[in-house]
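Working notes, structure below.
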Amino acid sequence: MHQRIRDPIHDLIEFNTDLEIERKAWEIIQTEPFQRLRRVKQLGFSDFVFPGACHSRFAHSVGVFNTARQLAEIVEAKLQQEERAQRDICLAAALVHDVGHGAFSHSFETVAKRLKLPIWKHEDWSDRLIREGEIAEILNHNFSGFANNVADTVKGVGDRSV
């Protein structure tokens with residue numbers, strides 16, 4: 001069975017829910033923490049100057065998953081069995097890497113730091129949302145500890161997120 005999202009950048013993104021990682025991805029997309037990303041702007045105030053710059057963190061995250069999956073398909077033939085398991089962790093991490101973002105999070109984090117306000121960085125919120133709750137339940141469904149592996153992968157690249 002296939003589920004689809006039509007994306008303005010990637011066109012049609014299909015999820016083959018017969019494949020475990022794509023079924024998990026589709027289930028994660030349906031969760032409240034992930035759906036919240038529909039209301040979080042990817043590009044801040046850019047759409048005031050460039051009206052077409054209205055990408056959401058939701059669309060960005062689904063697009064990153066799609067791009068990571070395309071890359072994985074290219075290198076699939078060269079992967080060893082252990083690396084295939086790592087591929088699924090990376091695909092899940094690509095999908096949920098920004099799940100902790102709030103409105104204007106990079107800008108707000110910078111301002112909060114200047115004002116010496118206590119604030120959690122979005123990477124910390126992402127880490128918590130991946131390890132606990134709905135997303136963790138989906139990730140850990142068939143493999144205990146999978147959510148922690150995904151969170152660790154996200155944390156390893158968190159400081160370079162856009």
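Scheme for the structure tokens: letters A, B, ... for chains in order shown; per-chain residue numbers from 1; ligand numbers from 1 in order shown.
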
Give me the residues within 7 Å of Cys54 of chain A as JSON, numbers by chain, counting only C-alpha atoms and dropping any in the same chain fewer than 5 places off. {"A": [41, 43, 47]}

Keeping only C-alpha atoms, take the residues you just selected and write them out as a PDB file, in the first residue's frame.
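Written output follows (part28.pdb):
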ATOM      1  CA  LYS A  41       7.833  28.329   9.396  1.00  0.00           C
ATOM      2  CA  LEU A  43      12.193  30.387   6.639  1.00  0.00           C
ATOM      3  CA  ASP A  47       7.823  35.308   3.056  1.00  0.00           C
TER       4      ASP A  47
END

From segment 4-135 of chain A, collect each residue whose DSSP state is helix (DSSP H, G or I) and return the set as a tab-separated table (two decimals) with C-alpha atoms, in the first residue's frame.
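The resulting file, states-v4.tsv, is shown below:
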chain	number	residue	atom	x	y	z
A	20	GLU	CA	8.82	-1.26	7.82
A	21	ILE	CA	10.82	1.98	7.83
A	22	GLU	CA	8.40	3.71	5.45
A	23	ARG	CA	5.41	2.50	7.49
A	24	LYS	CA	7.06	3.92	10.63
A	25	ALA	CA	7.75	7.17	8.79
A	26	TRP	CA	4.11	7.44	7.71
A	27	GLU	CA	2.91	6.73	11.26
A	28	ILE	CA	5.29	9.35	12.68
A	29	ILE	CA	3.97	11.93	10.22
A	32	GLU	CA	0.72	15.33	17.04
A	33	PRO	CA	4.35	16.43	17.54
A	34	PHE	CA	5.05	16.01	13.82
A	35	GLN	CA	1.79	17.56	12.62
A	36	ARG	CA	2.61	20.62	14.77
A	37	LEU	CA	5.46	21.32	12.32
A	38	ARG	CA	2.85	22.35	9.71
A	39	ARG	CA	2.47	25.59	11.71
A	46	SER	CA	11.33	35.56	4.48
A	47	ASP	CA	7.82	35.31	3.06
A	48	PHE	CA	7.28	39.03	3.81
A	49	VAL	CA	9.88	39.84	1.17
A	57	ARG	CA	9.18	22.63	9.05
A	58	PHE	CA	6.71	19.85	8.16
A	59	ALA	CA	7.41	20.13	4.42
A	60	HIS	CA	11.14	20.51	5.10
A	61	SER	CA	11.27	17.36	7.25
A	62	VAL	CA	9.31	15.25	4.77
A	63	GLY	CA	11.56	16.56	1.99
A	64	VAL	CA	14.72	15.69	3.94
A	65	PHE	CA	13.36	12.16	4.47
A	66	ASN	CA	12.65	11.86	0.75
A	67	THR	CA	16.11	13.09	-0.22
A	68	ALA	CA	17.79	10.76	2.31
A	69	ARG	CA	15.77	7.83	0.94
A	70	GLN	CA	16.86	8.66	-2.63
A	71	LEU	CA	20.48	8.75	-1.49
A	72	ALA	CA	20.04	5.44	0.34
A	73	GLU	CA	18.64	3.85	-2.83
A	74	ILE	CA	21.72	4.96	-4.77
A	75	VAL	CA	24.18	3.39	-2.31
A	76	GLU	CA	21.96	0.39	-1.38
A	77	ALA	CA	23.86	-2.14	-3.50
A	78	LYS	CA	27.13	-1.30	-1.77
A	81	GLN	CA	23.88	-5.98	6.31
A	82	GLU	CA	24.95	-3.95	9.39
A	83	GLU	CA	24.96	-0.78	7.31
A	84	ARG	CA	21.39	-1.46	6.13
A	85	ALA	CA	20.22	-1.27	9.75
A	86	GLN	CA	22.11	2.02	10.09
A	87	ARG	CA	20.38	3.23	6.91
A	88	ASP	CA	16.96	2.87	8.59
A	89	ILE	CA	18.20	4.81	11.61
A	90	CYS	CA	19.44	7.57	9.29
A	91	LEU	CA	16.15	7.68	7.37
A	92	ALA	CA	14.17	8.00	10.61
A	93	ALA	CA	16.60	10.68	11.83
A	94	ALA	CA	16.17	12.59	8.56
A	95	LEU	CA	12.42	12.66	9.13
A	96	VAL	CA	12.39	13.72	12.80
A	105	SER	CA	13.46	28.93	17.03
A	106	HIS	CA	16.90	29.88	15.70
A	107	SER	CA	16.13	33.59	15.99
A	108	PHE	CA	14.42	33.22	19.34
A	109	GLU	CA	17.27	31.11	20.73
A	110	THR	CA	19.77	33.82	19.66
A	111	VAL	CA	17.72	36.61	21.27
A	112	ALA	CA	17.15	34.57	24.43
A	113	LYS	CA	20.89	33.94	24.71
A	114	ARG	CA	21.66	37.67	24.37
A	122	HIS	CA	15.33	23.04	19.73
A	123	GLU	CA	17.83	20.15	19.57
A	124	ASP	CA	17.01	19.35	23.21
A	125	TRP	CA	13.28	19.36	22.49
A	126	SER	CA	13.82	17.14	19.43
A	127	ASP	CA	15.87	14.72	21.51
A	128	ARG	CA	13.14	14.47	24.13
A	129	LEU	CA	10.31	14.07	21.59
A	130	ILE	CA	12.19	11.30	19.78
A	131	ARG	CA	13.08	9.35	22.94
A	134	GLU	CA	4.30	8.85	20.45
A	135	ILE	CA	7.33	9.00	18.20

For atom CA of Phe104 of chain A and atom CA of Ser56 of chain A, the interatomic separation in Å (one decimal):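 Atom-to-atom, atom CA of Phe104 of chain A to atom CA of Ser56 of chain A, that is 11.2 Å.
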
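The gap separating atom CA of Leu79 of chain A from atom CA of Thr17 of chain A is 22.2 Å, in Å to one decimal.
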
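Closest approach to Gly156 of chain A among A:His97, A:Ala136, A:Gln42, A:Leu115: A:His97, based on only C-alpha atoms.
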
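Using only C-alpha atoms, the smallest distance between any of A:Asn16, A:Gln3, A:Thr31, A:Gln80 and Glu137 of chain A comes from A:Thr31.
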